[in-house]
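Working notes for the structure below.
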Number of protein chains: 4
Amino acid sequence: VTDPLRVALVGAGRAGLVHGRNLAAGVPGARLVAVADPVPEARQRAAAELGCRLTLADPLTAATDDGVDAVVIASPTFTHAAVAVAALQAGKHILCEKPLASTLDEARRVQAAADGSGGALVMGFMRRFDAGFARAAERIRAGDIGDPVFVRSTGRGPGLPPEWAHDPQRSAGLIAEVNSHDLDTVRWLSSREFQTVYAVGRAAKRPDLAARYPGFVDLVAVTCELSDGGLAQVDGACPAGYGYDARVEVYGTEGVVMAGDALAGSALLVRADGAVTDPVRSWRELFADAYRAEDAHLVRVARGEEEPRAGVADGVAALEAALAVNRSLRDGRPVRVAGEPG
Amino acid sequence: VTDPLRVALVGAGRAGLVHGRNLAAGVPGARLVAVADPVPEARQRAAAELGCRLTLADPLTAATDDGVDAVVIASPTFTHAAVAVAALQAGKHILCEKPLASTLDEARRVQAAADGSGGALVMGFMRRFDAGFARAAERIRAGDIGDPVFVRSTGRGPGLPPEWAHDPQRSAGLIAEVNSHDLDTVRWLSSREFQTVYAVGRAAKRPDLAARYPGFVDLVAVTCELSDGGLAQVDGACPAGYGYDARVEVYGTEGVVMAGDALAGSALLVRADGAVTDPVRSWRELFADAYRAEDAHLVRVARGEEEPRAGVADGVAALEAALAVNRSLRDGRPVRVAGEPG
Amino acid sequence: VTDPLRVALVGAGRAGLVHGRNLAAGVPGARLVAVADPVPEARQRAAAELGCRLTLADPLTAATDDGVDAVVIASPTFTHAAVAVAALQAGKHILCEKPLASTLDEARRVQAAADGSGGALVMGFMRRFDAGFARAAERIRAGDIGDPVFVRSTGRGPGLPPEWAHDPQRSAGLIAEVNSHDLDTVRWLSSREFQTVYAVGRAAKRPDLAARYPGFVDLVAVTCELSDGGLAQVDGACPAGYGYDARVEVYGTEGVVMAGDALAGSALLVRADGAVTDPVRSWRELFADAYRAEDAHLVRVARGEEEPRAGVADGVAALEAALAVNRSLRDGRPVRVAGEPG
Amino acid sequence: VTDPLRVALVGAGRAGLVHGRNLAAGVPGARLVAVADPVPEARQRAAAELGCRLTLADPLTAATDDGVDAVVIASPTFTHAAVAVAALQAGKHILCEKPLASTLDEARRVQAAADGSGGALVMGFMRRFDAGFARAAERIRAGDIGDPVFVRSTGRGPGLPPEWAHDPQRSAGLIAEVNSHDLDTVRWLSSREFQTVYAVGRAAKRPDLAARYPGFVDLVAVTCELSDGGLAQVDGACPAGYGYDARVEVYGTEGVVMAGDALAGSALLVRADGAVTDPVRSWRELFADAYRAEDAHLVRVARGEEEPRAGVADGVAALEAALAVNRSLRDGRPVRVAGEPG
């Protein structure tokens with residue numbers, strides 16, 4: 001029997017608690033050994049709920065502790081790079097929530113650290129672990145739709161992310177925080193790279209936030225050119241209010257495949273005044289199985305049994321696309337994803 | 001009892017026969033009195049099938065005949081304007097298949113003729129007559145989704161349109177021939193006008209046709225800015241092979257409404273090797289009820305009982321947007337829909 | 001060109017008007033020539049709406065008139081047999097609404113008249129003309145589910161049938177008036193005959209009607225043994241309130257096929273408080289296409305181009321099963337469908 | 001912090017491994033401490049996979065061991081009663097797979113033992129823990145469908161249960177082994193008790209097994225009368241081949257609610273030759289979340305924090321109904337569920 005992977009959780013916010021709860025409930029071969037969060041109440045509440053003895057204020061301590069084998073990075077985006085680089089240099093494995101970092105420089109520093117390290121980095125693109133999305137990928141790999149020339153991905157979140165995510169100084173905004181998943185899905189399911197993106201966005205629901213944070217959008221629509229003649233469209237919205245909505249459609253030369261369902265798993269009520277079912281309330285609920293599978297995958301990656309299903313290069317690529325979307329929003333024109341100044 | 005509306009059918013091709021068969025089967029208050037098509041076999045076969053005595057080679061004769069009250073224009077796009085102007089000047093009512101014309105000049109001539117005429121023009125945007133699409137419109141008008149800030153419309157046709165539609169000399173291409181419906185849907189369901197469009201396109205399935213007809217695309221993805229801060233995305237493909245696929249989704253500040261279903265009305269087979277249903281084979285089948293409703297609407301418009309659900313201004317606006325999409329495809333940049341040189 | 005089939009409509013109630021409106025709108029090869037209904041207002045209102053000159057008080061006159069080629073019988077069930085026998089003896093073709101008659105004796109008199117007549121009888125089992133149900137039948141005939149050993153059919157009507165249908169003196173009740181369709185579906189899709197039925201029923205919503213009409217039920221559940229080892233279940237309810245609901249599921253040795261959808265063809269609204277679509281309001285709406293196809297089928301049967309898709313023997317068999325269900329309800333035990341005294 | 005609940009697994013077959021894997025992966029507050037199975041290879045393979053040190057040949061030893069707080073009984077049905085009684089008398093808590101026992105006498109002995117014991121018994125009716133079924137229950141409790149007067153439940157398993165389940169000496173057959181869940185669902189969602197049942201059954205796919213085990217059926221259709229005027233229908237099949245299929249529909253005086261979906265969570269592929277999705281392969285997959293929730297529920301029941309969602313009385317009632325179904329199958333008549341000799 002292998003010793004369990006000793007995991008430190010960095011960031012006890014919403015996404016952090018999803019991983020923390022999975023680890024506390026039991027991920028085979030893993031054990032939660034530390035929770036790090038600079039906010040005292042957050043880390044203490046998390047530690048109590050998760051039954052974790054060791055709490056730390058400083059993520060870097062957790063990232064380099066000798067008693068830690070792997071780090072789940074779920075802290076605010078602007079902290080990812082420092083923690084990830086330190087952890088990789090200390091030979092730890094990483095599960096990093098999206099986006100990989102706030103800037104491309106940071107992201108490349110992480111990539112360089114990963115390349116020279118014994119540790120592996122798994123990007124938290126949990127849609128790759130969802131049964132429906134994964135089945136779509138299988139269908140495509142099997143050639144069922146011919147060449148996947150067009151991907152359409154929708155990502156909408158019910159409620160606003162934390163406030164730092166609206167601040168352009170600390171975040172790459174909606175497209176990075178919410179629609180990183182869609183950008184990754186486009187690359188994953190098309191087996192292509194982004195070439196150009198053109199985006200339009202609005203503060204359709206929260207003009208107040210646009211007034212406070214110039215460039216804030218809560219609605220975005222992107223059209224992309226991909227390598228090998230592929231095309232893609234992404235639309236994102238947050239806060240959408242009605243639920244978490246993640247759907248994809250891949251059009252190929254021989255057919256189309258669709259995954260994601262905003263209504264999965266509920267009961268249907270039919271009355272004279274309408275037929276009603278429940279939208280999915282949150283990403284925690286919609287992707288509960290996917291998060292569990294992702295956490296289990298981290299263990300197998302750490303053991304060298306699997307390659308990261310989404311790795312550091314995927315994190316860099318999704319961020320590069322997100323930043324290009326932001327440039328396009330700012331400049332009102334299509335931009336090349338690679339090789340343009342930010 | 002009113003005398004029946006005497007209808008001439010101009011164009012005995014695919015769309016023409018849909019209207020012709022409806023009229024032959026019986027549209028209350030209407031009677032098919034003439035079929036005009038310059039191709040002798042086409043008009044004779046149609047006349048035989050439709051039980052119509054009078055056949056004409058020249059559409060203009062049909063459009064101005066004293067024994068005709070209304071003209072269904074379903075001939076190739078490049079012929080629409082001449083027939084429509086003649087018919088309107090003769091005081092006839094018109095049901096015109098999309099797109100209204102090949103160029104904006106032509107379209108405006110039709111509009112001018114309509115404005116000074118006793119005849120009304122109904123644009124053949126049959127999605128406005130489909131139960132699901134119409135219900136979505138009702139929901140939106142009722143405020144069920146708040147402000148409809150984003151429309152996403154998909155239009156895919158199973159097989160190629162006739163060859164003239166690929167020729168830039170005679171047609172405005174895929175976006176005009178297939179996705180005029182989507183462009184109209186965007187305006188209709190958002191209650192907004194197009195401001196800018198950015199489009200990318202490919203000859204993903206038929207590079208051979210792109211070689212023969214420069215600018216030919218069989219896959220197109222468009223991102224649009226609308227008035228009052230609205231956004232839209234349209235994706236189109238033809239030939240899609242798998243069926244006719246027309247779906248729309250309207251995201252509003254209070255929710256989302258969706259219409260269109262590529263699988264409607266069939267049986268579901270579940271076996272160990274998969275669960276199978278049938279895609280919708282054609283627009284004739286998917287919109288059979290809508291075409292009937294549209295033809296019946298023509299009668300009521302001719303009687304002055306209803307305003308055209310989609311009129312000449314809607315035809316002009318959809319064409320203007322389609323031509324802007326073509327400019328964007330050509331120039332690789334976002335373009336203003338109005339006021340730019342073609 | 002053949003002369004059009006001259007059709008008389010007998011019964012200007014709900015079902016009668018469906019056929020009448022189809023004929024008035026135009027069924028290729030048919031012409032509505034007379035409306036017969038003993039209720040003056042009903043026949044006059046129908047004649048006005050349907051644009052029909054000839055109205056008659058006496059159905060028998062219509063059924064035997066020289067100017068009539070075919071009769072659509074949509075009058076109350078207890079009048080079917082007399083009209084059908086007279087019409088068949090006069091060589092007319094018949095489209096008879098379900099159930100064929102009120103008693104087996106009547107039904108057999110109709111069958112005898114049909115056997116010795118030049119006229120054909122089409123039973124109004126319109127589900128056989130619905131695209132989804134017909135596709136299920138095709139799948140089964142093609143062997144896609146192996147041997148269809150079990151059929152489950154649901155039939156629910158939104159509102160109560162006319163009052164005579166509750167009166168055991170004049171009607172065979174809910175199972176005959178509403179669920180005849182299900183009984184026919186069982187035979188049709190299993191290619192088997194009823195052997196025994198066991199039924200339980202309740203006046204779950206309208207105990208008041210049970211008090212007035214002993215034996216009245218508004219909810220019924222039937223389990224059947226079929227020939228060749230087949231089994232079936234039927235459940236019926238009327239008034240169901242929420243809509244018209246007709247669904248079938250056929251389980252075979254190699255898979256299952258399902259048809260019917262209570263939600264077909266509407267828009268889906270998703271909001272934070274639920275996802276809502278519209279139930280189908282009525283059988284007129286759900287089966288509008290099927291009724292049109294059925295009326296067109298009558299023309300082709302009259303011309304000798306097609307055999308009745310559901311004929312007099314199917315009408316007899318469905319009635320025999322319905323009457324057996326009523327015996328089972330009365331006696332509280334399984335009963336043989338054939339050969340038992342009523 | 002409470003000490004974890006020490007759980008022994010009795011029976012290392014299919015259902016046993018579902019619970020065992022959940023416990024090995026980590027059920028909060030529980031720890032797997034022993035695996036008991038008389039078959040040496042089964043218990044050793046399970047122990048290795050589950051990382052469990054203590055293996056036992058004799059279930060009774062596990063059921064009474066001092067180091068055990070709770071017992072998951074997933075051994076063959078004919079062994080349930082002895083293990084359950086011993087465990088309850090030793091004060092253990094129990095999660096018992098369905099059916100509770102093979103005979104009513106056994107079931108009542110378990111009930112008596114539970115009544116006089118400090119241990120609680122949770123029946124393994126995992127549908128009660130499924131999100132969709134539970135939501136249907138909530139809707140019904142909230143009055144959304146009025147009085148739930150009719151329940152229709154479908155339960156089909158893809159592959160045959162182990163051979164002992166076909167042997168009338170050791171099992172109550174298909175209806176008990178597969179459709180206990182449906183019988184429980186009827187009671188649960190209607191809030192009513194069974195009064196009479198009438199059943200028909202066939203060996204439609206496996207006549208060979210009927211030859212070997214008289215009374216064997218692989219297809220069964222049941223119609224039930226419930227207390228307070230309720231009605232129900234259950235249909236079951238095993239082996240169904242195409243997947244695990246558990247669906248319910250509850251018709252009430254104000255509407256209908258449906259739960260269960262044989263196609264949940266997969267991708268939809270649309271091609272010219274059909275639209276394909278995947279049926280659910282197994283109950284393990286369909287109810288994975290429900291089994292986890294059930295195992296977590298056991299912990300809370302053991303701690304006194306919750307009442308069993310399905311308890312020993314529910315197990316007795318479902319078995320009583322299953323045995324009545326078998327009597328009806330044998331005698332070909334409706335039978336009373338309670339108070340008749342077996």
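Going by the structure tokens order, chains are called A, B, ..., each with residues numbered from 1, while ligands are numbered from 1 in the order shown.
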If you count only C-alpha atoms, which residues fall within 8 Å of Leu121 (chain B), apart from same-chain ones fewer than 5 positions away, as a ChimeraX atom specification?
/B:93-96,114,308,311-312
Report the closest atom pair, with its distance in Å rounded to one decimal, for each residue of chain D that has an atom no farther than 10 Å from chain C; count only C-alpha atoms, sort by chain and then rising residue number, and write it as a Markdown table.
| residue | atom | partner | partner_atom | distance |
| --- | --- | --- | --- | --- |
| D:Asp147 | CA | C:Ala204 | CA | 9.0 |
| D:Pro148 | CA | C:Ala204 | CA | 9.8 |
| D:Val149 | CA | C:Ala204 | CA | 7.0 |
| D:Phe150 | CA | C:Leu219 | CA | 8.2 |
| D:Arg152 | CA | C:Asp235 | CA | 8.9 |
| D:Tyr198 | CA | C:Tyr198 | CA | 7.7 |
| D:Ala199 | CA | C:Thr223 | CA | 7.7 |
| D:Val200 | CA | C:Glu225 | CA | 7.3 |
| D:Gly201 | CA | C:Leu231 | CA | 7.8 |
| D:Arg202 | CA | C:Gly229 | CA | 7.0 |
| D:Ala203 | CA | C:Gly229 | CA | 8.8 |
| D:Ala204 | CA | C:Val149 | CA | 6.9 |
| D:Lys205 | CA | C:Thr253 | CA | 6.1 |
| D:Arg206 | CA | C:Thr253 | CA | 9.8 |
| D:Leu219 | CA | C:Phe150 | CA | 8.2 |
| D:Val220 | CA | C:Leu231 | CA | 8.3 |
| D:Ala221 | CA | C:Thr223 | CA | 6.8 |
| D:Val222 | CA | C:Thr223 | CA | 6.9 |
| D:Thr223 | CA | C:Thr223 | CA | 6.3 |
| D:Cys224 | CA | C:Val200 | CA | 7.8 |
| D:Glu225 | CA | C:Val200 | CA | 7.3 |
| D:Asp228 | CA | C:Ala204 | CA | 10.0 |
| D:Gly229 | CA | C:Arg202 | CA | 7.0 |
| D:Gly230 | CA | C:Arg202 | CA | 8.1 |
| D:Leu231 | CA | C:Ala221 | CA | 7.4 |
| D:Ala232 | CA | C:Ala221 | CA | 7.5 |
| D:Gln233 | CA | C:Ala221 | CA | 7.2 |
| D:Val234 | CA | C:Gln233 | CA | 9.2 |
| D:Asp235 | CA | C:Gln233 | CA | 8.5 |
| D:Ala237 | CA | C:Tyr251 | CA | 9.1 |
| D:Pro239 | CA | C:Thr253 | CA | 9.3 |
| D:Ala240 | CA | C:Gly255 | CA | 7.3 |
| D:Gly241 | CA | C:Glu254 | CA | 7.1 |
| D:Tyr242 | CA | C:Gly255 | CA | 5.9 |
| D:Gly243 | CA | C:Gly255 | CA | 9.2 |
| D:Tyr251 | CA | C:Ala240 | CA | 8.7 |
| D:Gly252 | CA | C:Ala240 | CA | 8.6 |
| D:Thr253 | CA | C:Lys205 | CA | 6.1 |
| D:Glu254 | CA | C:Gly241 | CA | 7.1 |
| D:Gly255 | CA | C:Tyr242 | CA | 5.9 |
| D:Val256 | CA | C:Tyr242 | CA | 8.0 |
| D:Gly332 | CA | C:Pro334 | CA | 8.1 |
| D:Arg333 | CA | C:Pro334 | CA | 6.6 |
| D:Pro334 | CA | C:Arg333 | CA | 6.6 |
| D:Val335 | CA | C:Arg333 | CA | 9.8 |
Long-range neighbours of Gly155 (chain C) as a ChimeraX atom specification, 8 Å cut-off, only C-alpha atoms, 4 positions minimum in chain:
/C:178-179,181-182,234-237,244-247
Output file for the residues above (N, CA and C atoms, as a PDB file, in the first residue's frame):
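Output below, filename selection-v4.pdb:
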ATOM      1  N   VAL C 178     -62.017   7.982 -24.013  1.00  0.00           N
ATOM      2  CA  VAL C 178     -60.670   8.563 -23.994  1.00  0.00           C
ATOM      3  C   VAL C 178     -59.608   7.532 -24.337  1.00  0.00           C
ATOM      4  N   ASN C 179     -59.718   6.348 -23.732  1.00  0.00           N
ATOM      5  CA  ASN C 179     -58.617   5.393 -23.839  1.00  0.00           C
ATOM      6  C   ASN C 179     -58.777   4.351 -24.937  1.00  0.00           C
ATOM      7  N   HIS C 181     -58.016   4.985 -27.751  1.00  0.00           N
ATOM      8  CA  HIS C 181     -56.762   5.209 -28.471  1.00  0.00           C
ATOM      9  C   HIS C 181     -55.636   4.349 -27.898  1.00  0.00           C
ATOM     10  N   ASP C 182     -55.603   4.246 -26.592  1.00  0.00           N
ATOM     11  CA  ASP C 182     -54.550   3.444 -25.967  1.00  0.00           C
ATOM     12  C   ASP C 182     -54.747   1.964 -26.253  1.00  0.00           C
ATOM     13  N   VAL C 234     -52.309   0.034 -19.467  1.00  0.00           N
ATOM     14  CA  VAL C 234     -52.885   1.293 -19.936  1.00  0.00           C
ATOM     15  C   VAL C 234     -53.288   2.089 -18.707  1.00  0.00           C
ATOM     16  N   ASP C 235     -52.974   3.382 -18.713  1.00  0.00           N
ATOM     17  CA  ASP C 235     -53.572   4.207 -17.672  1.00  0.00           C
ATOM     18  C   ASP C 235     -54.235   5.414 -18.315  1.00  0.00           C
ATOM     19  N   GLY C 236     -55.384   5.744 -17.779  1.00  0.00           N
ATOM     20  CA  GLY C 236     -56.159   6.829 -18.361  1.00  0.00           C
ATOM     21  C   GLY C 236     -56.680   7.758 -17.286  1.00  0.00           C
ATOM     22  N   ALA C 237     -56.848   9.005 -17.662  1.00  0.00           N
ATOM     23  CA  ALA C 237     -57.429   9.974 -16.733  1.00  0.00           C
ATOM     24  C   ALA C 237     -58.091  11.081 -17.523  1.00  0.00           C
ATOM     25  N   TYR C 244     -53.285  17.599 -22.679  1.00  0.00           N
ATOM     26  CA  TYR C 244     -53.528  16.314 -23.317  1.00  0.00           C
ATOM     27  C   TYR C 244     -52.216  15.559 -23.318  1.00  0.00           C
ATOM     28  N   ASP C 245     -52.260  14.327 -22.862  1.00  0.00           N
ATOM     29  CA  ASP C 245     -51.029  13.594 -22.612  1.00  0.00           C
ATOM     30  C   ASP C 245     -51.186  12.196 -23.190  1.00  0.00           C
ATOM     31  N   ALA C 246     -50.513  11.942 -24.286  1.00  0.00           N
ATOM     32  CA  ALA C 246     -50.592  10.651 -24.960  1.00  0.00           C
ATOM     33  C   ALA C 246     -49.177  10.154 -25.182  1.00  0.00           C
ATOM     34  N   ARG C 247     -48.795   9.138 -24.450  1.00  0.00           N
ATOM     35  CA  ARG C 247     -47.435   8.604 -24.561  1.00  0.00           C
ATOM     36  C   ARG C 247     -47.477   7.093 -24.612  1.00  0.00           C
TER      37      ARG C 247
END
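Residues in contact with Ala36 (chain D) at 6 Å, where only C-alpha atoms are counted and same-chain residues fewer than 6 positions away are skipped, are listed as D:Val10, D:Thr55, D:Leu56, D:Ala57, D:Pro59.
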Gap from CA of Gly146 (chain B) to CA of Met258 (chain B) - Å, one decimal
14.3 Å
Which residues are near Leu32 (chain A)? Cut-off 7 Å, only C-alpha atoms, ignore same chain within fewer than 2 positions. Put them as a ChimeraX atom specification.
/A:6-8,23-24,30,34,52
Write the residues of the preceding selection, restricted to all heavy atoms, as a PDB file, in the first residue's frame.
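Below is the file that was written, selection_21.pdb:
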ATOM      1  N   ARG A   6      -0.223  13.639   0.911  1.00  0.00           N
ATOM      2  CA  ARG A   6      -0.556  14.652   1.920  1.00  0.00           C
ATOM      3  C   ARG A   6      -0.816  15.981   1.213  1.00  0.00           C
ATOM      4  O   ARG A   6       0.079  16.545   0.597  1.00  0.00           O
ATOM      5  CB  ARG A   6       0.586  14.766   2.935  1.00  0.00           C
ATOM      6  CG  ARG A   6       0.784  13.456   3.731  1.00  0.00           C
ATOM      7  CD  ARG A   6       2.114  13.451   4.451  1.00  0.00           C
ATOM      8  NE  ARG A   6       3.237  13.593   3.519  1.00  0.00           N
ATOM      9  CZ  ARG A   6       4.509  13.778   3.887  1.00  0.00           C
ATOM     10  NH1 ARG A   6       4.830  13.840   5.162  1.00  0.00           N
ATOM     11  NH2 ARG A   6       5.463  13.894   2.987  1.00  0.00           N
ATOM     12  N   VAL A   7      -2.044  16.441   1.322  1.00  0.00           N
ATOM     13  CA  VAL A   7      -2.469  17.588   0.523  1.00  0.00           C
ATOM     14  C   VAL A   7      -2.684  18.814   1.404  1.00  0.00           C
ATOM     15  O   VAL A   7      -3.339  18.724   2.451  1.00  0.00           O
ATOM     16  CB  VAL A   7      -3.785  17.277  -0.227  1.00  0.00           C
ATOM     17  CG1 VAL A   7      -4.215  18.459  -1.082  1.00  0.00           C
ATOM     18  CG2 VAL A   7      -3.646  16.019  -1.069  1.00  0.00           C
ATOM     19  N   ALA A   8      -2.153  19.935   0.961  1.00  0.00           N
ATOM     20  CA  ALA A   8      -2.442  21.219   1.610  1.00  0.00           C
ATOM     21  C   ALA A   8      -3.401  22.006   0.734  1.00  0.00           C
ATOM     22  O   ALA A   8      -3.238  22.045  -0.486  1.00  0.00           O
ATOM     23  CB  ALA A   8      -1.157  22.007   1.805  1.00  0.00           C
ATOM     24  N   LEU A  23     -11.773  16.157  -0.004  1.00  0.00           N
ATOM     25  CA  LEU A  23     -10.650  15.527   0.692  1.00  0.00           C
ATOM     26  C   LEU A  23     -11.074  15.075   2.084  1.00  0.00           C
ATOM     27  O   LEU A  23     -10.686  13.993   2.546  1.00  0.00           O
ATOM     28  CB  LEU A  23      -9.474  16.503   0.770  1.00  0.00           C
ATOM     29  CG  LEU A  23      -8.777  16.762  -0.581  1.00  0.00           C
ATOM     30  CD1 LEU A  23      -7.956  18.044  -0.544  1.00  0.00           C
ATOM     31  CD2 LEU A  23      -7.889  15.561  -0.960  1.00  0.00           C
ATOM     32  N   ALA A  24     -11.894  15.884   2.747  1.00  0.00           N
ATOM     33  CA  ALA A  24     -12.347  15.507   4.085  1.00  0.00           C
ATOM     34  C   ALA A  24     -13.265  14.286   4.020  1.00  0.00           C
ATOM     35  O   ALA A  24     -13.204  13.394   4.866  1.00  0.00           O
ATOM     36  CB  ALA A  24     -13.065  16.680   4.741  1.00  0.00           C
ATOM     37  N   ALA A  30      -5.516   9.986  -0.669  1.00  0.00           N
ATOM     38  CA  ALA A  30      -5.133  11.355  -0.320  1.00  0.00           C
ATOM     39  C   ALA A  30      -5.592  11.679   1.098  1.00  0.00           C
ATOM     40  O   ALA A  30      -6.546  11.090   1.605  1.00  0.00           O
ATOM     41  CB  ALA A  30      -5.749  12.355  -1.291  1.00  0.00           C
ATOM     42  N   ALA A  34      -3.320  20.241   5.675  1.00  0.00           N
ATOM     43  CA  ALA A  34      -3.182  21.645   6.075  1.00  0.00           C
ATOM     44  C   ALA A  34      -4.140  22.523   5.290  1.00  0.00           C
ATOM     45  O   ALA A  34      -4.467  22.228   4.143  1.00  0.00           O
ATOM     46  CB  ALA A  34      -1.747  22.122   5.836  1.00  0.00           C
ATOM     47  N   CYS A  52      -9.326  19.414   9.995  1.00  0.00           N
ATOM     48  CA  CYS A  52      -7.906  19.514   9.664  1.00  0.00           C
ATOM     49  C   CYS A  52      -7.179  20.234  10.801  1.00  0.00           C
ATOM     50  O   CYS A  52      -7.577  21.326  11.203  1.00  0.00           O
ATOM     51  CB  CYS A  52      -7.764  20.276   8.344  1.00  0.00           C
ATOM     52  SG  CYS A  52      -6.054  20.500   7.834  1.00  0.00           S
TER      53      CYS A  52
END
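Ranking A:Ala131, A:Glu320, A:Glu97, A:Ala46 by their shortest atom-to-atom distance to Glu285 (chain D), with only C-alpha atoms included, puts A:Ala131 first.
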Within 9 Å of Phe129 (chain B), counting only C-alpha atoms, which residues show up once you throw out same-chain ones fewer than 6 positions away? Write them as number ranges by chain, please.
B: 287, 289-294, 309
Take the selection from the previous step and output its residues with N, CA, C and O atoms, as a PDB file, in the first residue's frame.
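Below is the file that was written, result_35.pdb:
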ATOM      1  N   PHE B 287     -40.702  23.119 -40.334  1.00  0.00           N
ATOM      2  CA  PHE B 287     -41.524  24.322 -40.311  1.00  0.00           C
ATOM      3  C   PHE B 287     -42.809  24.158 -41.126  1.00  0.00           C
ATOM      4  O   PHE B 287     -43.367  25.153 -41.594  1.00  0.00           O
ATOM      5  N   ASP B 289     -45.856  23.479 -40.269  1.00  0.00           N
ATOM      6  CA  ASP B 289     -46.957  24.263 -39.690  1.00  0.00           C
ATOM      7  C   ASP B 289     -46.718  25.763 -39.856  1.00  0.00           C
ATOM      8  O   ASP B 289     -47.662  26.526 -40.098  1.00  0.00           O
ATOM      9  N   ALA B 290     -45.459  26.162 -39.713  1.00  0.00           N
ATOM     10  CA  ALA B 290     -45.146  27.593 -39.821  1.00  0.00           C
ATOM     11  C   ALA B 290     -45.414  28.099 -41.233  1.00  0.00           C
ATOM     12  O   ALA B 290     -45.954  29.191 -41.416  1.00  0.00           O
ATOM     13  N   TYR B 291     -45.064  27.300 -42.236  1.00  0.00           N
ATOM     14  CA  TYR B 291     -45.328  27.733 -43.613  1.00  0.00           C
ATOM     15  C   TYR B 291     -46.840  27.842 -43.860  1.00  0.00           C
ATOM     16  O   TYR B 291     -47.295  28.766 -44.525  1.00  0.00           O
ATOM     17  N   ARG B 292     -47.576  26.909 -43.332  1.00  0.00           N
ATOM     18  CA  ARG B 292     -49.035  27.002 -43.482  1.00  0.00           C
ATOM     19  C   ARG B 292     -49.575  28.267 -42.830  1.00  0.00           C
ATOM     20  O   ARG B 292     -50.426  28.962 -43.392  1.00  0.00           O
ATOM     21  N   ALA B 293     -49.067  28.536 -41.626  1.00  0.00           N
ATOM     22  CA  ALA B 293     -49.535  29.721 -40.919  1.00  0.00           C
ATOM     23  C   ALA B 293     -49.143  30.996 -41.678  1.00  0.00           C
ATOM     24  O   ALA B 293     -49.901  31.967 -41.725  1.00  0.00           O
ATOM     25  N   GLU B 294     -47.956  30.965 -42.278  1.00  0.00           N
ATOM     26  CA  GLU B 294     -47.485  32.122 -43.028  1.00  0.00           C
ATOM     27  C   GLU B 294     -48.362  32.365 -44.253  1.00  0.00           C
ATOM     28  O   GLU B 294     -48.722  33.511 -44.572  1.00  0.00           O
ATOM     29  N   ARG B 309     -46.499  40.299 -40.311  1.00  0.00           N
ATOM     30  CA  ARG B 309     -45.744  39.975 -39.103  1.00  0.00           C
ATOM     31  C   ARG B 309     -44.267  40.301 -39.322  1.00  0.00           C
ATOM     32  O   ARG B 309     -43.571  40.694 -38.411  1.00  0.00           O
TER      33      ARG B 309
END
Identify all residues of region 62-247 of chain D in strand (DSSP E or B) (DSSP on the backbone) and supply them as a PyMOL selection string.
chain D and resi 70-73+93-96+121-123+148-156+194-202+219-226+231-237+245-247
